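Everything below belongs to protein.pdb, which stores PDB, C-alpha atoms.
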MODEL        1
ATOM      1  CA  MET A 173     -34.756  13.026   1.011
ATOM      2  CA  ASP A 174     -34.312  10.536   3.872
ATOM      3  CA  GLY A 175     -31.281  10.383   6.177
ATOM      4  CA  SER A 176     -29.642   7.440   4.431
ATOM      5  CA  CYS A 177     -29.705   9.221   1.059
ATOM      6  CA  LYS A 178     -28.178  12.356   2.582
ATOM      7  CA  HIS A 179     -25.476  10.177   4.144
ATOM      8  CA  CYS A 180     -24.688   8.569   0.781
ATOM      9  CA  LEU A 181     -24.573  11.918  -1.015
ATOM     10  CA  LYS A 182     -22.234  13.306   1.638
ATOM     11  CA  TRP A 183     -19.855  10.354   1.210
ATOM     12  CA  MET A 184     -20.003  10.668  -2.587
ATOM     13  CA  TRP A 185     -19.085  14.362  -2.385
ATOM     14  CA  VAL A 186     -16.184  13.727  -0.002
ATOM     15  CA  ALA A 187     -14.927  10.840  -2.134
ATOM     16  CA  CYS A 188     -15.080  12.860  -5.354
ATOM     17  CA  PHE A 189     -13.257  15.789  -3.785
ATOM     18  CA  TYR A 190     -10.538  13.577  -2.343
ATOM     19  CA  PHE A 191     -10.200  11.676  -5.616
ATOM     20  CA  GLU A 192      -9.739  14.882  -7.590
ATOM     21  CA  PHE A 193      -7.191  16.114  -5.063
ATOM     22  CA  MET A 194      -5.149  12.946  -5.441
ATOM     23  CA  LEU A 195      -5.215  13.281  -9.220
ATOM     24  CA  VAL A 196      -4.035  16.875  -9.407
ATOM     25  CA  SER A 197      -1.533  16.802  -6.551
ATOM     26  CA  ALA A 198       1.911  16.535  -8.146
ATOM     27  CA  GLU A 199       3.900  16.563  -4.922
ATOM     28  CA  PHE A 200       3.938  14.083  -2.080
ATOM     29  CA  GLN A 201       2.159  15.309   1.012
ATOM     30  CA  ARG A 202       4.588  16.015   3.817
ATOM     31  CA  PHE A 203       4.059  15.367   7.506
ATOM     32  CA  GLN A 204       6.203  16.284  10.493
ATOM     33  CA  HIS A 205       6.732  13.924  13.416
ATOM     34  CA  PRO A 206       8.645  14.954  16.547
ATOM     35  CA  VAL A 207      11.498  12.949  18.013
ATOM     36  CA  LYS A 208      11.997  12.162  21.692
ATOM     37  CA  ALA A 209      13.493  14.729  24.066
ATOM     38  CA  ASP A 210      16.907  13.090  23.694
ATOM     39  CA  GLY A 211      16.753  13.355  19.893
ATOM     40  CA  SER A 212      16.129   9.647  19.287
ATOM     41  CA  LEU A 213      13.295   7.912  17.461
ATOM     42  CA  SER A 214      11.764   4.439  17.726
ATOM     43  CA  PHE A 215       8.984   2.696  15.831
ATOM     44  CA  LEU A 216       7.524  -0.678  14.896
ATOM     45  CA  VAL A 217       6.924  -2.091  11.409
ATOM     46  CA  ILE A 218       4.142  -4.548  10.587
ATOM     47  CA  GLY A 219       2.776  -5.748   7.259
ATOM     48  CA  ASP A 220       0.201  -8.072   5.684
ATOM     49  CA  TRP A 221      -2.011  -8.177   8.741
ATOM     50  CA  GLY A 222      -5.735  -7.364   8.398
ATOM     51  CA  ARG A 223      -7.569 -10.657   9.065
ATOM     52  CA  LYS A 224      -9.880  -9.765  11.981
ATOM     53  CA  GLY A 225      -7.438 -11.275  14.441
ATOM     54  CA  ALA A 226      -7.062 -14.637  12.672
ATOM     55  CA  TYR A 227      -3.820 -16.418  11.737
ATOM     56  CA  ASN A 228      -2.143 -15.152  14.924
ATOM     57  CA  GLN A 229      -2.799 -11.494  14.078
ATOM     58  CA  SER A 230      -4.044 -10.901  17.633
ATOM     59  CA  GLN A 231      -1.022 -12.646  19.141
ATOM     60  CA  VAL A 232       1.377 -10.576  17.050
ATOM     61  CA  ALA A 233      -0.502  -7.428  18.099
ATOM     62  CA  LEU A 234      -0.163  -8.430  21.751
ATOM     63  CA  GLN A 235       3.625  -8.701  21.459
ATOM     64  CA  MET A 236       3.781  -5.445  19.515
ATOM     65  CA  GLY A 237       2.093  -3.758  22.454
ATOM     66  CA  LYS A 238       4.684  -5.127  24.888
ATOM     67  CA  VAL A 239       7.686  -4.193  22.732
ATOM     68  CA  GLY A 240       6.138  -0.833  21.933
ATOM     69  CA  GLU A 241       5.852  -0.072  25.633
ATOM     70  CA  ASN A 242       9.439  -1.140  26.358
ATOM     71  CA  LEU A 243      10.808   1.024  23.567
ATOM     72  CA  GLY A 244       8.456   3.944  24.071
ATOM     73  CA  ILE A 245       7.700   3.946  20.347
ATOM     74  CA  ASP A 246       6.841   7.149  18.500
ATOM     75  CA  PHE A 247       4.746   5.600  15.718
ATOM     76  CA  VAL A 248       3.977   2.444  13.743
ATOM     77  CA  ILE A 249       4.575   1.785  10.038
ATOM     78  CA  SER A 250       2.383  -0.562   8.011
ATOM     79  CA  THR A 251       3.892  -1.960   4.820
ATOM     80  CA  GLY A 252       0.502  -2.669   3.216
ATOM     81  CA  ASP A 253      -2.038  -5.404   2.595
ATOM     82  CA  ASN A 254      -3.857  -3.823   5.466
ATOM     83  CA  PHE A 255      -7.221  -5.541   4.937
ATOM     84  CA  TYR A 256      -7.698  -9.026   3.471
ATOM     85  CA  GLU A 257      -8.784 -10.274   1.065
ATOM     86  CA  LYS A 258     -10.124  -7.274  -0.836
ATOM     87  CA  GLY A 259      -9.348  -4.127   1.101
ATOM     88  CA  LEU A 260     -12.273  -2.059   2.353
ATOM     89  CA  ALA A 261     -15.659  -1.751   0.654
ATOM     90  CA  THR A 262     -16.475   1.717   2.069
ATOM     91  CA  PRO A 263     -15.023   4.018   4.748
ATOM     92  CA  TYR A 264     -17.661   2.574   7.075
ATOM     93  CA  ASP A 265     -16.715  -1.039   6.425
ATOM     94  CA  PRO A 266     -16.686  -2.833   9.836
ATOM     95  CA  HIS A 267     -13.566  -4.648   8.626
ATOM     96  CA  PHE A 268     -11.628  -1.506   9.623
ATOM     97  CA  LYS A 269     -12.557  -1.760  13.301
ATOM     98  CA  HIS A 270     -12.449  -5.556  13.402
ATOM     99  CA  SER A 271      -8.949  -5.754  11.881
ATOM    100  CA  PHE A 272      -7.358  -2.529  13.104
ATOM    101  CA  THR A 273      -8.995  -0.616  15.950
ATOM    102  CA  ASN A 274     -10.040  -3.643  17.980
ATOM    103  CA  ILE A 275      -6.811  -5.590  17.398
ATOM    104  CA  TYR A 276      -4.068  -3.031  18.004
ATOM    105  CA  SER A 277      -5.584  -1.864  21.283
ATOM    106  CA  ALA A 278      -2.519  -1.749  23.565
ATOM    107  CA  ASN A 279      -1.778   1.655  25.073
ATOM    108  CA  SER A 280       1.654   1.755  23.444
ATOM    109  CA  LEU A 281       0.105   1.337  19.981
ATOM    110  CA  GLN A 282      -2.175   4.362  20.357
ATOM    111  CA  LYS A 283       0.287   6.349  18.290
ATOM    112  CA  GLN A 284       0.232   7.541  14.692
ATOM    113  CA  TRP A 285       0.161   4.749  12.097
ATOM    114  CA  TYR A 286       1.715   5.537   8.704
ATOM    115  CA  SER A 287       0.475   3.092   6.072
ATOM    116  CA  VAL A 288       0.933   2.324   2.391
ATOM    117  CA  LEU A 289      -1.390   0.334   0.144
ATOM    118  CA  GLY A 290      -0.731  -3.276  -0.827
ATOM    119  CA  ASN A 291      -2.044  -5.229  -3.801
ATOM    120  CA  HIS A 292      -4.900  -6.688  -1.715
ATOM    121  CA  ASP A 293      -5.913  -3.162  -0.721
ATOM    122  CA  TYR A 294      -6.183  -2.293  -4.412
ATOM    123  CA  ARG A 295      -8.715  -5.114  -4.806
ATOM    124  CA  GLY A 296     -11.183  -3.154  -2.690
ATOM    125  CA  ASP A 297     -12.322   0.465  -2.849
ATOM    126  CA  VAL A 298      -9.008   2.293  -2.667
ATOM    127  CA  GLN A 299     -10.673   5.643  -2.074
ATOM    128  CA  ALA A 300     -12.307   4.218   1.045
ATOM    129  CA  GLN A 301      -8.968   3.268   2.588
ATOM    130  CA  LEU A 302      -7.469   6.643   1.695
ATOM    131  CA  SER A 303     -10.483   8.560   2.964
ATOM    132  CA  PRO A 304     -10.072  11.083   5.799
ATOM    133  CA  ILE A 305     -13.312   9.627   7.180
ATOM    134  CA  LEU A 306     -11.238   6.752   8.586
ATOM    135  CA  ARG A 307      -9.180   9.235  10.590
ATOM    136  CA  LYS A 308     -12.382  10.403  12.273
ATOM    137  CA  ILE A 309     -13.217   6.808  13.145
ATOM    138  CA  ASP A 310      -9.688   6.135  14.440
ATOM    139  CA  SER A 311      -7.333   9.122  14.591
ATOM    140  CA  ARG A 312      -4.238   6.894  14.441
ATOM    141  CA  TRP A 313      -4.884   5.969  10.817
ATOM    142  CA  LEU A 314      -3.029   7.683   7.978
ATOM    143  CA  CYS A 315      -2.851   5.945   4.602
ATOM    144  CA  LEU A 316      -1.966   7.677   1.352
ATOM    145  CA  ARG A 317      -0.566   6.483  -1.950
ATOM    146  CA  SER A 318       2.837   8.168  -1.619
ATOM    147  CA  PHE A 319       3.924  10.679   1.012
ATOM    148  CA  LEU A 320       6.792  11.875   3.213
ATOM    149  CA  VAL A 321       7.315  11.973   6.961
ATOM    150  CA  ASN A 322      10.039  14.289   8.206
ATOM    151  CA  THR A 323      11.638  13.965  11.620
ATOM    152  CA  GLU A 324      14.646  15.718  13.062
ATOM    153  CA  ILE A 325      16.974  12.789  12.387
ATOM    154  CA  ALA A 326      15.287  10.763   9.634
ATOM    155  CA  GLU A 327      13.135  11.190   6.576
ATOM    156  CA  PHE A 328      10.659   8.527   5.511
ATOM    157  CA  PHE A 329       9.526   8.179   1.904
ATOM    158  CA  PHE A 330       6.359   6.105   1.475
ATOM    159  CA  ILE A 331       5.908   4.812  -2.085
ATOM    160  CA  ASP A 332       2.875   3.266  -3.778
ATOM    161  CA  THR A 333       4.469   0.190  -5.390
ATOM    162  CA  THR A 334       1.439  -1.814  -6.570
ATOM    163  CA  PRO A 335       1.004   0.177  -9.825
ATOM    164  CA  PHE A 336       4.612  -0.658 -10.750
ATOM    165  CA  VAL A 337       3.873  -4.387 -11.131
ATOM    166  CA  ASP A 338       3.155  -5.300 -14.767
ATOM    167  CA  GLU A 339       1.403  -8.565 -13.919
ATOM    168  CA  TYR A 340      -1.508  -6.801 -12.259
ATOM    169  CA  PHE A 341      -2.274  -5.022 -15.531
ATOM    170  CA  ARG A 342      -1.351  -7.672 -18.107
ATOM    171  CA  ASN A 343      -2.523 -10.837 -16.391
ATOM    172  CA  PRO A 344      -4.852 -10.026 -13.484
ATOM    173  CA  LYS A 345      -6.562 -13.451 -13.766
ATOM    174  CA  HIS A 346      -9.489 -13.528 -11.346
ATOM    175  CA  GLN A 347      -8.339 -10.385  -9.543
ATOM    176  CA  LYS A 348      -9.997  -7.024 -10.073
ATOM    177  CA  PHE A 349      -8.099  -3.891  -9.116
ATOM    178  CA  ASP A 350      -9.302  -0.359  -8.415
ATOM    179  CA  TRP A 351      -7.032   1.712 -10.633
ATOM    180  CA  ARG A 352      -8.828   5.045 -10.159
ATOM    181  CA  GLY A 353      -6.185   7.720  -9.719
ATOM    182  CA  VAL A 354      -3.515   5.528 -11.351
ATOM    183  CA  ILE A 355      -4.616   5.513 -14.986
ATOM    184  CA  PRO A 356      -2.902   6.583 -17.222
ATOM    185  CA  ARG A 357      -0.344   4.356 -15.560
ATOM    186  CA  ASN A 358       2.842   5.608 -17.259
ATOM    187  CA  LYS A 359       2.063   9.176 -16.315
ATOM    188  CA  TYR A 360       1.365   8.145 -12.739
ATOM    189  CA  LEU A 361       4.611   6.181 -12.365
ATOM    190  CA  THR A 362       6.643   8.950 -13.972
ATOM    191  CA  ARG A 363       5.219  11.442 -11.487
ATOM    192  CA  VAL A 364       5.918   9.192  -8.492
ATOM    193  CA  LEU A 365       9.526   8.555  -9.529
ATOM    194  CA  LYS A 366      10.143  12.216 -10.332
ATOM    195  CA  GLU A 367       8.819  13.359  -6.977
ATOM    196  CA  LEU A 368      10.802  10.708  -5.120
ATOM    197  CA  ARG A 369      13.978  11.692  -6.923
ATOM    198  CA  CYS A 370      13.437  15.377  -6.145
ATOM    199  CA  SER A 371      12.565  14.671  -2.510
ATOM    200  CA  LEU A 372      15.649  12.520  -1.982
ATOM    201  CA  ARG A 373      17.842  15.123  -3.643
ATOM    202  CA  GLU A 374      16.558  17.781  -1.249
ATOM    203  CA  SER A 375      16.679  15.549   1.826
ATOM    204  CA  VAL A 376      18.901  16.589   4.718
ATOM    205  CA  GLY A 377      17.874  13.699   6.947
ATOM    206  CA  LYS A 378      20.645  11.778   8.661
ATOM    207  CA  TRP A 379      18.730   8.631   7.752
ATOM    208  CA  LYS A 380      16.822   8.113   4.528
ATOM    209  CA  ILE A 381      14.270   5.321   4.725
ATOM    210  CA  VAL A 382      11.965   4.278   1.872
ATOM    211  CA  ILE A 383       8.854   2.182   2.500
ATOM    212  CA  GLY A 384       6.821   0.273  -0.086
ATOM    213  CA  HIS A 385       4.640  -2.810  -0.127
ATOM    214  CA  HIS A 386       6.551  -4.882  -2.682
ATOM    215  CA  PRO A 387      10.110  -6.101  -2.105
ATOM    216  CA  ILE A 388      13.009  -5.074  -4.283
ATOM    217  CA  ARG A 389      15.170  -7.960  -3.114
ATOM    218  CA  SER A 390      13.625 -11.015  -1.462
ATOM    219  CA  ILE A 391      13.959 -14.773  -1.095
ATOM    220  CA  GLY A 392      10.334 -15.084  -0.020
ATOM    221  CA  HIS A 393       7.366 -16.534  -1.925
ATOM    222  CA  HIS A 394       6.972 -13.618  -4.341
ATOM    223  CA  GLY A 395      10.689 -13.040  -4.743
ATOM    224  CA  GLN A 396      12.228  -9.976  -6.278
ATOM    225  CA  THR A 397      10.164  -7.326  -8.057
ATOM    226  CA  LYS A 398      11.841  -6.788 -11.409
ATOM    227  CA  GLU A 399      10.026  -3.509 -12.089
ATOM    228  CA  LEU A 400      11.353  -2.034  -8.841
ATOM    229  CA  ILE A 401      14.862  -3.307  -9.552
ATOM    230  CA  THR A 402      14.733  -1.474 -12.881
ATOM    231  CA  LEU A 403      12.926   1.726 -11.916
ATOM    232  CA  LEU A 404      13.305   2.268  -8.168
ATOM    233  CA  LEU A 405      16.575   0.684  -7.057
ATOM    234  CA  PRO A 406      18.865   2.973  -9.123
ATOM    235  CA  ILE A 407      17.266   6.019  -7.492
ATOM    236  CA  LEU A 408      17.729   4.624  -3.987
ATOM    237  CA  GLU A 409      21.376   3.846  -4.645
ATOM    238  CA  ALA A 410      22.046   7.188  -6.341
ATOM    239  CA  TYR A 411      20.782   9.134  -3.318
ATOM    240  CA  ASN A 412      22.348   6.936  -0.619
ATOM    241  CA  VAL A 413      19.159   5.587   0.899
ATOM    242  CA  ASP A 414      19.915   3.607   4.059
ATOM    243  CA  MET A 415      16.927   1.257   4.211
ATOM    244  CA  TYR A 416      14.159  -0.069   2.005
ATOM    245  CA  ILE A 417      11.365  -1.617   4.090
ATOM    246  CA  ASN A 418       8.561  -3.688   2.553
ATOM    247  CA  GLY A 419       5.939  -6.355   3.126
ATOM    248  CA  HIS A 420       4.183  -8.563   0.504
ATOM    249  CA  ASP A 421       6.193 -11.673   1.302
ATOM    250  CA  HIS A 422       4.651 -13.122   4.465
ATOM    251  CA  CYS A 423       7.913 -13.463   6.339
ATOM    252  CA  LEU A 424      10.642 -11.538   8.109
ATOM    253  CA  GLN A 425      13.969 -10.999   6.379
ATOM    254  CA  HIS A 426      17.068  -8.854   6.067
ATOM    255  CA  LEU A 427      19.181  -8.711   2.925
ATOM    256  CA  SER A 428      22.240  -6.563   2.396
ATOM    257  CA  SER A 429      23.258  -4.968  -0.885
ATOM    258  CA  ILE A 430      26.741  -5.914  -2.056
ATOM    259  CA  THR A 431      27.013  -2.784  -4.216
ATOM    260  CA  SER A 432      25.913  -0.080  -1.745
ATOM    261  CA  PRO A 433      25.122   0.480   1.960
ATOM    262  CA  LEU A 434      21.416  -0.072   1.193
ATOM    263  CA  GLN A 435      19.714  -2.653   3.390
ATOM    264  CA  PHE A 436      16.492  -4.491   2.482
ATOM    265  CA  PHE A 437      14.041  -5.404   5.247
ATOM    266  CA  THR A 438      10.817  -7.364   4.923
ATOM    267  CA  SER A 439       8.210  -7.139   7.675
ATOM    268  CA  GLY A 440       5.248  -9.008   6.245
ATOM    269  CA  GLY A 441       4.459 -11.430   9.078
ATOM    270  CA  GLY A 442       1.461  -9.648  10.578
ATOM    271  CA  SER A 443      -0.876 -12.632  10.267
ATOM    272  CA  LYS A 444      -0.929 -15.507   7.769
ATOM    273  CA  ALA A 445       2.577 -16.783   7.008
ATOM    274  CA  TRP A 446       3.898 -19.237   4.429
ATOM    275  CA  LYS A 447       5.935 -21.846   6.278
ATOM    276  CA  GLY A 448       8.747 -23.369   4.231
ATOM    277  CA  ASP A 449       8.079 -21.158   1.231
ATOM    278  CA  PHE A 450      11.213 -19.429   0.007
ATOM    279  CA  ASP A 451      13.257 -18.893  -3.122
ATOM    280  CA  TYR A 452      16.798 -17.937  -4.076
ATOM    281  CA  LEU A 453      18.089 -14.621  -5.304
ATOM    282  CA  ASP A 454      18.569 -14.314  -9.032
ATOM    283  CA  GLY A 455      22.092 -13.126  -9.682
ATOM    284  CA  GLY A 456      22.841 -12.753  -5.984
ATOM    285  CA  GLY A 457      25.099 -14.651  -3.616
ATOM    286  CA  ASP A 458      24.333 -15.996  -0.171
ATOM    287  CA  ASP A 459      26.488 -13.238   1.308
ATOM    288  CA  GLU A 460      23.528 -10.904   0.765
ATOM    289  CA  ILE A 461      21.188 -12.912   3.002
ATOM    290  CA  LYS A 462      21.523 -11.892   6.635
ATOM    291  CA  PHE A 463      18.293 -13.291   8.067
ATOM    292  CA  TYR A 464      15.135 -15.095   6.960
ATOM    293  CA  TYR A 465      12.178 -16.361   8.995
ATOM    294  CA  ASP A 466       9.105 -17.949   7.434
ATOM    295  CA  GLY A 467       6.704 -17.203  10.280
ATOM    296  CA  GLN A 468       4.699 -14.421  11.881
ATOM    297  CA  GLY A 469       6.199 -11.444  13.625
ATOM    298  CA  PHE A 470       7.221  -7.802  13.318
ATOM    299  CA  MET A 471      10.173  -5.450  13.350
ATOM    300  CA  SER A 472      11.421  -2.618  15.555
ATOM    301  CA  VAL A 473      13.748   0.250  14.673
ATOM    302  CA  GLU A 474      15.584   2.554  17.082
ATOM    303  CA  LEU A 475      17.415   5.537  15.629
ATOM    304  CA  THR A 476      19.853   8.108  16.954
ATOM    305  CA  PRO A 477      21.755  10.572  14.777
ATOM    306  CA  THR A 478      24.670   8.110  14.559
ATOM    307  CA  ASN A 479      23.275   4.653  15.122
ATOM    308  CA  ALA A 480      20.428   2.337  14.156
ATOM    309  CA  LYS A 481      19.235  -0.755  16.001
ATOM    310  CA  ILE A 482      16.921  -3.161  14.244
ATOM    311  CA  ALA A 483      15.256  -6.236  15.726
ATOM    312  CA  PHE A 484      12.831  -8.875  14.463
ATOM    313  CA  TYR A 485      10.383 -10.590  16.846
ATOM    314  CA  ASP A 486       8.272 -13.714  16.493
ATOM    315  CA  VAL A 487       4.687 -14.324  17.631
ATOM    316  CA  SER A 488       5.909 -15.010  21.164
ATOM    317  CA  GLY A 489       7.879 -11.780  21.375
ATOM    318  CA  ASP A 490      11.261 -13.509  21.211
ATOM    319  CA  VAL A 491      14.021 -11.671  19.363
ATOM    320  CA  LEU A 492      14.975 -13.653  16.266
ATOM    321  CA  HIS A 493      17.571 -11.337  14.773
ATOM    322  CA  SER A 494      19.092  -8.014  15.757
ATOM    323  CA  PHE A 495      21.978  -5.824  14.818
ATOM    324  CA  SER A 496      23.383  -2.383  15.466
ATOM    325  CA  SER A 497      25.354  -0.241  13.050
ATOM    326  CA  ASN A 498      26.433   3.293  12.350
ATOM    327  CA  GLN A 499      25.483   3.383   8.683
ATOM    328  CA  LEU A 500      23.678   0.040   8.537
ATOM    329  CA  TYR A 501      26.702  -1.994   7.599
ATOM    330  CA  TYR A 502      26.029  -5.368   9.162
ATOM    331  CA  THR A 503      27.892  -6.085  12.412
TER     332      THR A 503
ENDMDL
END

Starting from the file, lay out its structure as structure tokens.
Amino acid sequence: MDGSCKHCLKWMWVACFYFEFMLVSAEFQRFQHPVKADGSLSFLVIGDWGRKGAYNQSQVALQMGKVGENLGIDFVISTGDNFYEKGLATPYDPHFKHSFTNIYSANSLQKQWYSVLGNHDYRGDVQAQLSPILRKIDSRWLCLRSFLVNTEIAEFFFIDTTPFVDEYFRNPKHQKFDWRGVIPRNKYLTRVLKELRCSLRESVGKWKIVIGHHPIRSIGHHGQTKELITLLLPILEAYNVDMYINGHDHCLQHLSSITSPLQFFTSGGGSKAWKGDFDYLDGGGDDEIKFYYDGQGFMSVELTPTNAKIAFYDVSGDVLHSFSSNQLYYT
């Protein structure tokens, strides 16, 4: 057997093992991340980015490096659609280095990246993007379907939202999705929601932050996700979640719930943006809309046990919107 065949067999074995693990694992994997010496935490959020530097991806990355250095960030969160247009083909796909390793090269960004999958990632080989092989190529990378990150002052709940969207199953059109590990869908969604509910119930974090690719509330191109409004939103409100952070809409926005302290943030401006493309909230008033920007950029979050500071930046690094609050009530 030649070397290339051995290489392929090794990858097939690793992929099969990892796939089986994902199927049988009923609980979210949990990771610990330390806070700063003063007990604070800071991080950046970027989404919808992987285009080999095109559509201002490189320029956004440059500004992320500068802000990351100023804040002394602890990690970076990716809200999905990590690699356009169709995810990764294999764990050795050069797209990974061309869109991630070589782009986010600033010293301040050499921290852990916590990533969820987006719908475009599901159009490639999902197992490749989830593979631990990528962590050997670039140790910053961590992408799983759903998982938890615990810190001393905040708990982060990463949720795989793509399988919630009915349209991808009923009317995929020309799109082909990799649903391995998701089918049977109802069983998968039930397990995700059950584990999230249990994890939130047990949470002792001073801040509870949920991350998913698809928006719950949005005035962007895609608008609100009705399946998440029905299935996910009641859980977030019941367990007093402070923030829901997403991508999918290629914009930056902040919406405020009028029925709970929950705040909705979109950071989906990592590369290609949709200028002038927005919609209105169904059944919602303008008092919910705090900020909307239809261009490229990213988001920063600074947390202490009693306060949160959030800021949105454009492709030039200028602050477009910021606020500070004790329990994320807008000030």

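Among the candidates A:Ile461, A:Leu289, A:Val491, A:Ala300, the one nearest to Thr334 in chain A when counting only C-alpha atoms is A:Leu289.
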
Would you kindly translate the PyMOL selection byres ((chain A and resi 246) around 12) into the concrete residues it picks from this file, as a PDB file with C-alpha atoms, in the frame of the given file?
ATOM      1  CA  HIS A 205       6.732  13.924  13.416  1.00  0.00           C
ATOM      2  CA  PRO A 206       8.645  14.954  16.547  1.00  0.00           C
ATOM      3  CA  VAL A 207      11.498  12.949  18.013  1.00  0.00           C
ATOM      4  CA  LYS A 208      11.997  12.162  21.692  1.00  0.00           C
ATOM      5  CA  ALA A 209      13.493  14.729  24.066  1.00  0.00           C
ATOM      6  CA  GLY A 211      16.753  13.355  19.893  1.00  0.00           C
ATOM      7  CA  SER A 212      16.129   9.647  19.287  1.00  0.00           C
ATOM      8  CA  LEU A 213      13.295   7.912  17.461  1.00  0.00           C
ATOM      9  CA  SER A 214      11.764   4.439  17.726  1.00  0.00           C
ATOM     10  CA  PHE A 215       8.984   2.696  15.831  1.00  0.00           C
ATOM     11  CA  LEU A 216       7.524  -0.678  14.896  1.00  0.00           C
ATOM     12  CA  VAL A 217       6.924  -2.091  11.409  1.00  0.00           C
ATOM     13  CA  GLY A 240       6.138  -0.833  21.933  1.00  0.00           C
ATOM     14  CA  GLU A 241       5.852  -0.072  25.633  1.00  0.00           C
ATOM     15  CA  ASN A 242       9.439  -1.140  26.358  1.00  0.00           C
ATOM     16  CA  LEU A 243      10.808   1.024  23.567  1.00  0.00           C
ATOM     17  CA  GLY A 244       8.456   3.944  24.071  1.00  0.00           C
ATOM     18  CA  ILE A 245       7.700   3.946  20.347  1.00  0.00           C
ATOM     19  CA  PHE A 247       4.746   5.600  15.718  1.00  0.00           C
ATOM     20  CA  VAL A 248       3.977   2.444  13.743  1.00  0.00           C
ATOM     21  CA  ILE A 249       4.575   1.785  10.038  1.00  0.00           C
ATOM     22  CA  SER A 280       1.654   1.755  23.444  1.00  0.00           C
ATOM     23  CA  LEU A 281       0.105   1.337  19.981  1.00  0.00           C
ATOM     24  CA  GLN A 282      -2.175   4.362  20.357  1.00  0.00           C
ATOM     25  CA  LYS A 283       0.287   6.349  18.290  1.00  0.00           C
ATOM     26  CA  GLN A 284       0.232   7.541  14.692  1.00  0.00           C
ATOM     27  CA  TRP A 285       0.161   4.749  12.097  1.00  0.00           C
ATOM     28  CA  TYR A 286       1.715   5.537   8.704  1.00  0.00           C
ATOM     29  CA  ARG A 312      -4.238   6.894  14.441  1.00  0.00           C
ATOM     30  CA  THR A 323      11.638  13.965  11.620  1.00  0.00           C
ATOM     31  CA  SER A 472      11.421  -2.618  15.555  1.00  0.00           C
ATOM     32  CA  VAL A 473      13.748   0.250  14.673  1.00  0.00           C
ATOM     33  CA  GLU A 474      15.584   2.554  17.082  1.00  0.00           C
ATOM     34  CA  LEU A 475      17.415   5.537  15.629  1.00  0.00           C
TER      35      LEU A 475
END

Explicit residue set for the PyMOL selection byres ((chain A and resi 397-414) around 6), as an MDAnalysis selection string
chainID A and resid 380:381 388 396 415 434

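CA of Asp310 in chain A to CA of Asn274 in chain A spans 10.4 Å [interatomic distance, one decimal].
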
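What the PyMOL selection byres ((chain A and resi 496) around 7) matches in the given file is Ala480, Lys481, Ile482, Phe495, Ser497 and Thr503 of chain A.
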
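Nearest residue to Ile275 in chain A among A:Ser443, A:Gln347, A:Ser390, A:Asn291 is A:Ser443, counting only C-alpha atoms.
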